[in-house]
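Here is model-v6.txt, consisting of compact mmCIF, C-alpha atoms:
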# COMPACT_ATOMS: atom_id res chain seq x y z
CA ASP A 283 -9.16 -25.24 -1.74
CA THR A 284 -10.00 -22.41 -4.13
CA GLU A 285 -7.24 -20.13 -3.03
CA VAL A 286 -4.23 -18.57 -4.71
CA THR A 287 -1.61 -17.52 -2.19
CA GLN A 288 1.12 -14.97 -2.72
CA THR A 289 4.17 -14.07 -0.66
CA PRO A 290 5.32 -11.68 0.49
CA LYS A 291 2.33 -9.39 0.96
CA HIS A 292 4.55 -6.31 0.98
CA LEU A 293 8.07 -5.83 -0.39
CA VAL A 294 10.35 -2.81 -0.34
CA MET A 295 13.52 -3.04 -2.37
CA GLY A 296 16.29 -0.86 -3.70
CA MET A 297 17.14 -0.57 -7.35
CA THR A 298 20.19 -2.83 -6.98
CA ASN A 299 18.44 -5.60 -5.03
CA LYS A 300 17.40 -9.02 -6.26
CA LYS A 301 14.14 -10.39 -4.86
CA SER A 302 11.47 -12.92 -5.79
CA LEU A 303 7.70 -13.03 -5.59
CA LYS A 304 6.02 -16.37 -5.04
CA CYS A 305 2.60 -17.68 -5.99
CA GLU A 306 0.99 -21.03 -5.20
CA GLN A 307 -2.29 -22.74 -6.07
CA HIS A 308 -3.57 -26.25 -5.34
CA MET A 309 -6.66 -26.26 -7.54
CA GLY A 310 -5.01 -28.32 -10.26
CA HIS A 311 -5.05 -25.33 -12.59
CA ARG A 312 -2.68 -25.59 -15.53
CA ALA A 313 -2.59 -21.91 -16.52
CA MET A 314 -0.95 -19.30 -14.31
CA TYR A 315 -0.47 -15.58 -14.82
CA TRP A 316 1.38 -12.53 -13.56
CA TYR A 317 -0.38 -9.17 -13.69
CA LYS A 318 0.82 -5.70 -12.69
CA GLN A 319 -1.66 -3.20 -11.32
CA LYS A 320 -1.16 0.49 -10.63
CA ALA A 321 -3.47 2.33 -8.24
CA LYS A 322 -7.07 2.67 -9.49
CA LYS A 323 -6.13 1.07 -12.82
CA PRO A 324 -7.05 -2.35 -14.22
CA PRO A 325 -4.55 -5.20 -14.04
CA GLU A 326 -2.11 -5.43 -16.96
CA LEU A 327 -1.01 -8.83 -18.18
CA MET A 328 2.72 -9.56 -17.92
CA PHE A 329 3.20 -13.31 -18.41
CA VAL A 330 1.16 -16.44 -19.02
CA TYR A 331 2.27 -19.98 -18.27
CA SER A 332 0.32 -22.85 -19.73
CA TYR A 333 1.19 -26.37 -18.64
CA GLU A 334 4.37 -25.01 -17.03
CA LYS A 335 5.60 -23.44 -20.26
CA LEU A 336 5.79 -19.72 -20.90
CA SER A 337 3.18 -19.03 -23.56
CA ILE A 338 2.80 -15.24 -23.43
CA ASN A 339 5.29 -12.50 -22.57
CA GLU A 340 3.71 -9.11 -23.00
CA SER A 341 7.02 -7.42 -23.91
CA VAL A 342 7.97 -7.19 -20.26
CA PRO A 343 11.48 -5.78 -19.52
CA SER A 344 14.09 -8.42 -18.75
CA ARG A 345 14.48 -7.12 -15.18
CA PHE A 346 11.34 -9.22 -14.56
CA SER A 347 12.01 -12.94 -14.96
CA PRO A 348 9.21 -15.49 -14.46
CA GLU A 349 9.68 -19.10 -13.51
CA CYS A 350 7.26 -22.01 -13.16
CA PRO A 351 9.02 -24.78 -11.19
CA ASN A 352 5.92 -27.02 -11.22
CA SER A 353 2.22 -26.88 -11.92
CA SER A 354 1.41 -25.38 -8.51
CA LEU A 355 4.11 -22.74 -8.23
CA LEU A 356 4.90 -19.55 -10.05
CA ASN A 357 7.75 -17.19 -9.25
CA LEU A 358 8.65 -13.73 -10.45
CA HIS A 359 12.32 -12.84 -10.04
CA LEU A 360 13.11 -9.15 -9.77
CA HIS A 361 16.46 -7.50 -10.46
CA ALA A 362 17.54 -3.89 -11.00
CA LEU A 363 14.01 -2.55 -10.85
CA GLN A 364 13.07 1.09 -11.31
CA PRO A 365 10.83 3.21 -9.04
CA GLU A 366 8.14 3.18 -11.74
CA ASP A 367 7.92 -0.60 -11.26
CA SER A 368 6.27 0.01 -7.89
CA ALA A 369 2.80 -1.54 -8.09
CA LEU A 370 0.58 -4.37 -6.90
CA TYR A 371 1.71 -7.62 -8.52
CA LEU A 372 -1.07 -10.12 -8.90
CA CYS A 373 -0.84 -13.81 -9.60
CA ALA A 374 -3.82 -15.65 -11.06
CA SER A 375 -4.65 -19.16 -12.19
CA SER A 376 -7.30 -20.80 -14.36
CA GLN A 377 -8.22 -24.36 -15.27
CA ASP A 378 -6.46 -24.49 -18.61
CA ASN A 379 -8.54 -22.72 -21.24
CA ILE A 380 -7.43 -19.11 -21.25
CA TYR A 381 -10.56 -17.61 -22.75
CA ARG A 382 -13.33 -19.48 -21.05
CA ASP A 383 -12.18 -20.44 -17.62
CA PRO A 384 -12.66 -18.12 -14.67
CA PHE A 385 -9.58 -16.61 -13.15
CA PHE A 386 -8.71 -16.90 -9.49
CA PHE A 387 -6.50 -14.08 -8.27
CA GLY A 388 -4.19 -14.03 -5.30
CA PRO A 389 -4.21 -11.10 -2.86
CA GLY A 390 -1.16 -9.57 -4.52
CA THR A 391 2.26 -8.36 -3.45
CA ARG A 392 2.54 -4.62 -2.90
CA LEU A 393 5.99 -3.75 -4.27
CA THR A 394 7.78 -0.49 -3.57
CA VAL A 395 11.06 0.25 -5.34
CA LEU A 396 13.16 2.96 -3.73
CA THR B 278 -8.82 3.23 -27.72
CA GLN B 279 -9.49 0.57 -25.14
CA LEU B 280 -10.85 -2.74 -26.31
CA LEU B 281 -13.31 -2.78 -23.43
CA GLU B 282 -15.04 0.48 -22.54
CA GLN B 283 -16.40 0.45 -19.03
CA SER B 284 -18.70 3.14 -17.65
CA PRO B 285 -19.12 5.01 -15.47
CA GLN B 286 -15.60 5.40 -14.12
CA PHE B 287 -16.78 6.62 -10.73
CA LEU B 288 -20.09 6.24 -8.95
CA SER B 289 -21.00 7.60 -5.53
CA ILE B 290 -24.50 6.75 -4.34
CA GLN B 291 -26.57 6.49 -1.18
CA GLU B 292 -27.38 3.20 0.47
CA GLY B 293 -30.54 1.70 -0.98
CA GLU B 294 -30.15 3.14 -4.48
CA ASN B 295 -29.88 1.03 -7.62
CA LEU B 296 -27.05 1.30 -10.14
CA THR B 297 -25.87 -0.15 -13.42
CA VAL B 298 -22.32 -0.52 -14.72
CA TYR B 299 -21.74 -1.05 -18.42
CA CYS B 300 -19.03 -2.82 -20.38
CA ASN B 301 -18.97 -2.33 -24.16
CA SER B 302 -16.82 -3.30 -27.10
CA SER B 303 -16.87 -3.45 -30.88
CA SER B 304 -15.40 -6.96 -30.67
CA VAL B 305 -17.15 -10.22 -29.96
CA PHE B 306 -16.18 -11.90 -26.72
CA SER B 307 -15.66 -15.61 -26.23
CA SER B 308 -16.56 -15.00 -22.60
CA LEU B 309 -16.87 -12.12 -20.19
CA GLN B 310 -16.17 -11.99 -16.49
CA TRP B 311 -16.99 -9.51 -13.74
CA TYR B 312 -14.74 -8.98 -10.75
CA ARG B 313 -14.87 -6.93 -7.58
CA GLN B 314 -11.67 -5.68 -5.99
CA GLU B 315 -11.13 -4.05 -2.62
CA PRO B 316 -8.09 -1.82 -1.93
CA GLY B 317 -4.90 -3.81 -1.45
CA GLU B 318 -6.53 -7.09 -2.43
CA GLY B 319 -6.75 -9.11 -5.61
CA PRO B 320 -9.88 -9.10 -7.80
CA VAL B 321 -12.53 -11.62 -6.78
CA LEU B 322 -14.54 -13.27 -9.52
CA LEU B 323 -18.27 -12.54 -9.36
CA VAL B 324 -19.55 -14.23 -12.51
CA THR B 325 -18.61 -15.58 -15.93
CA VAL B 326 -21.00 -15.27 -18.87
CA VAL B 327 -20.44 -17.11 -22.13
CA THR B 328 -23.78 -17.30 -23.98
CA GLY B 329 -25.29 -14.33 -25.81
CA GLY B 330 -28.39 -13.06 -23.99
CA GLU B 331 -27.40 -14.82 -20.77
CA VAL B 332 -28.63 -13.38 -17.48
CA LYS B 333 -27.14 -14.43 -14.16
CA LYS B 334 -28.14 -13.36 -10.68
CA LEU B 335 -26.01 -13.28 -7.55
CA LYS B 336 -28.18 -12.06 -4.66
CA ARG B 337 -28.71 -8.34 -5.40
CA LEU B 338 -26.43 -8.39 -8.44
CA THR B 339 -27.77 -9.10 -11.94
CA PHE B 340 -25.41 -9.67 -14.86
CA GLN B 341 -26.42 -9.57 -18.52
CA PHE B 342 -24.46 -10.56 -21.60
CA GLY B 343 -25.59 -8.92 -24.82
CA ASP B 344 -27.15 -11.03 -27.54
CA ALA B 345 -24.23 -10.27 -29.87
CA ARG B 346 -21.70 -10.94 -27.10
CA LYS B 347 -20.23 -7.44 -27.47
CA ASP B 348 -21.49 -5.89 -24.25
CA SER B 349 -22.47 -6.65 -20.69
CA SER B 350 -24.00 -4.93 -17.72
CA LEU B 351 -23.94 -5.31 -13.97
CA HIS B 352 -26.99 -4.08 -12.06
CA ILE B 353 -26.99 -3.77 -8.28
CA THR B 354 -30.31 -3.43 -6.49
CA ALA B 355 -30.53 -1.61 -3.15
CA ALA B 356 -26.79 -0.98 -2.88
CA GLN B 357 -25.15 -1.35 0.51
CA PRO B 358 -21.89 0.07 1.91
CA GLY B 359 -20.39 -3.40 1.64
CA ASP B 360 -20.75 -3.16 -2.15
CA THR B 361 -18.09 -0.44 -2.21
CA GLY B 362 -15.10 -1.37 -4.34
CA LEU B 363 -13.60 -1.43 -7.82
CA TYR B 364 -15.71 -3.38 -10.32
CA LEU B 365 -13.88 -4.76 -13.33
CA CYS B 366 -15.20 -6.40 -16.42
CA ALA B 367 -12.81 -8.62 -18.35
CA GLY B 368 -13.30 -10.32 -21.67
CA ALA B 369 -11.49 -12.74 -23.91
CA VAL B 370 -11.37 -11.86 -27.60
CA LEU B 371 -10.37 -14.40 -30.22
CA GLU B 372 -8.58 -11.86 -32.43
CA TYR B 373 -6.40 -10.83 -29.48
CA GLY B 374 -5.18 -14.35 -28.84
CA ASN B 375 -7.95 -15.00 -26.35
CA LYS B 376 -6.09 -13.15 -23.64
CA LEU B 377 -8.22 -11.77 -20.84
CA VAL B 378 -8.52 -8.00 -21.36
CA PHE B 379 -9.73 -5.79 -18.54
CA GLY B 380 -11.92 -2.72 -18.73
CA ALA B 381 -10.73 0.43 -16.94
CA GLY B 382 -12.94 -0.34 -13.95
CA THR B 383 -15.74 1.41 -12.07
CA ILE B 384 -15.01 2.74 -8.59
CA LEU B 385 -18.22 2.42 -6.60
CA ARG B 386 -18.75 4.13 -3.28
CA VAL B 387 -21.96 3.47 -1.36
CA LYS B 388 -22.59 5.91 1.47
CA SER B 389 -24.65 5.00 4.50

Just give me the structure as structure tokens.
Amino acid sequence: DTEVTQTPKHLVMGMTNKKSLKCEQHMGHRAMYWYKQKAKKPPELMFVYSYEKLSINESVPSRFSPECPNSSLLNLHLHALQPEDSALYLCASSQDNIYRDPFFFGPGTRLTVL
Amino acid sequence: TQLLEQSPQFLSIQEGENLTVYCNSSSVFSSLQWYRQEPGEGPVLLVTVVTGGEVKKLKRLTFQFGDARKDSSLHITAAQPGDTGLYLCAGAVLEYGNKLVFGAGTILRVKS
């Protein structure tokens, strides 16, 4: 199984809503990531978890809250988002070595904030 | 200034033509990866190169890593409409905490 799954595929939410994005991998990878991608732009790193601990937060606003309940799961909790937060949110995983190991990306969640 | 300069940004070619996409930096990379992404989907890893001068082939795609590990290229021979997509190079740089940094991407359109 070399797949990273993400749910939901699409999400529409208002600025006062609270929602969560989910990501799962069963490759035994110990590093997991959240990226944000705007149309026709490269992915931008948001958070990195290594061995279930948050190791990198790229100065992401607190309305985005990541969580890693176990080594296979990664969540991104959303609260009081702004319309400019609308984007494709990608989850990725890698074996454990951030700079050498290939990344496996999920299909993404297309988020629209009204 | 972007850490990874990718060129060209857009490429529209006819089926059967050859093309090359470049990825350049002034920094040395621990490793460099190439991805292909289709609209609405996540990037799919094509190749990882780690050794200076390395050449890898994937069917009609040839990847090169520069001797100094500061640049890379992706060459596609006899492009087909199925090659259409966004091609991204991504590298890890020690001085940037070894985070994976993406180039701006090349949008390739192959017309039949």

Between CA of Lys320 in chain A and CA of Leu358 in chain A - distance in Å to one decimal: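 Straight-line distance from CA of Leu358 in chain A to CA of Lys320 in chain A works out to 17.3 Å.
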
Residue hits in chain A, query chain B, radius 12 Å, all atoms listed in the file, as number ranges by chain: A: 284-288, 291-292, 313, 315-330, 337-340, 369-376, 379-393

Give me a file of those residues, with C-alpha atoms, as a tab-separated table (two decimals), keeping the file's coordinate frame.
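Saved result, out_29.tsv, follows:
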chain	number	residue	atom	x	y	z
A	284	THR	CA	-10.00	-22.41	-4.13
A	285	GLU	CA	-7.24	-20.13	-3.03
A	286	VAL	CA	-4.23	-18.57	-4.71
A	287	THR	CA	-1.61	-17.52	-2.19
A	288	GLN	CA	1.12	-14.97	-2.72
A	291	LYS	CA	2.33	-9.39	0.96
A	292	HIS	CA	4.55	-6.31	0.98
A	313	ALA	CA	-2.59	-21.91	-16.52
A	315	TYR	CA	-0.47	-15.58	-14.82
A	316	TRP	CA	1.38	-12.53	-13.56
A	317	TYR	CA	-0.38	-9.17	-13.69
A	318	LYS	CA	0.82	-5.70	-12.69
A	319	GLN	CA	-1.66	-3.20	-11.32
A	320	LYS	CA	-1.16	0.49	-10.63
A	321	ALA	CA	-3.47	2.33	-8.24
A	322	LYS	CA	-7.07	2.67	-9.49
A	323	LYS	CA	-6.13	1.07	-12.82
A	324	PRO	CA	-7.05	-2.35	-14.22
A	325	PRO	CA	-4.55	-5.20	-14.04
A	326	GLU	CA	-2.11	-5.43	-16.96
A	327	LEU	CA	-1.01	-8.83	-18.18
A	328	MET	CA	2.72	-9.56	-17.92
A	329	PHE	CA	3.20	-13.31	-18.41
A	330	VAL	CA	1.16	-16.44	-19.02
A	337	SER	CA	3.18	-19.03	-23.56
A	338	ILE	CA	2.80	-15.24	-23.43
A	339	ASN	CA	5.29	-12.50	-22.57
A	340	GLU	CA	3.71	-9.11	-23.00
A	369	ALA	CA	2.80	-1.54	-8.09
A	370	LEU	CA	0.58	-4.37	-6.90
A	371	TYR	CA	1.71	-7.62	-8.52
A	372	LEU	CA	-1.07	-10.12	-8.90
A	373	CYS	CA	-0.84	-13.81	-9.60
A	374	ALA	CA	-3.82	-15.65	-11.06
A	375	SER	CA	-4.65	-19.16	-12.19
A	376	SER	CA	-7.30	-20.80	-14.36
A	379	ASN	CA	-8.54	-22.72	-21.24
A	380	ILE	CA	-7.43	-19.11	-21.25
A	381	TYR	CA	-10.56	-17.61	-22.75
A	382	ARG	CA	-13.33	-19.48	-21.05
A	383	ASP	CA	-12.18	-20.44	-17.62
A	384	PRO	CA	-12.66	-18.12	-14.67
A	385	PHE	CA	-9.58	-16.61	-13.15
A	386	PHE	CA	-8.71	-16.90	-9.49
A	387	PHE	CA	-6.50	-14.08	-8.27
A	388	GLY	CA	-4.19	-14.03	-5.30
A	389	PRO	CA	-4.21	-11.10	-2.86
A	390	GLY	CA	-1.16	-9.57	-4.52
A	391	THR	CA	2.26	-8.36	-3.45
A	392	ARG	CA	2.54	-4.62	-2.90
A	393	LEU	CA	5.99	-3.75	-4.27

Straight-line distance linking CA of Gln291 in chain B with CA of Ala356 in chain B, stated in Å to one decimal: 7.7 Å

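Reported to one decimal place, the separation of CA of Arg312 in chain A from CA of Asp378 in chain A is 5.0 Å.
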
Residue nearest Leu363 in chain A among A:Leu303, A:Leu293, A:Met314, A:Leu396 (counting all atoms listed in the file):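 Nearest candidate to Leu363 in chain A out of A:Leu303, A:Leu293, A:Met314, A:Leu396: A:Leu396.
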
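Shortest separation to Pro351 in chain A among A:Pro365, A:Cys305, A:Asn299, A:Val294 occurs at residue A:Cys305, atoms counted being all atoms listed in the file.
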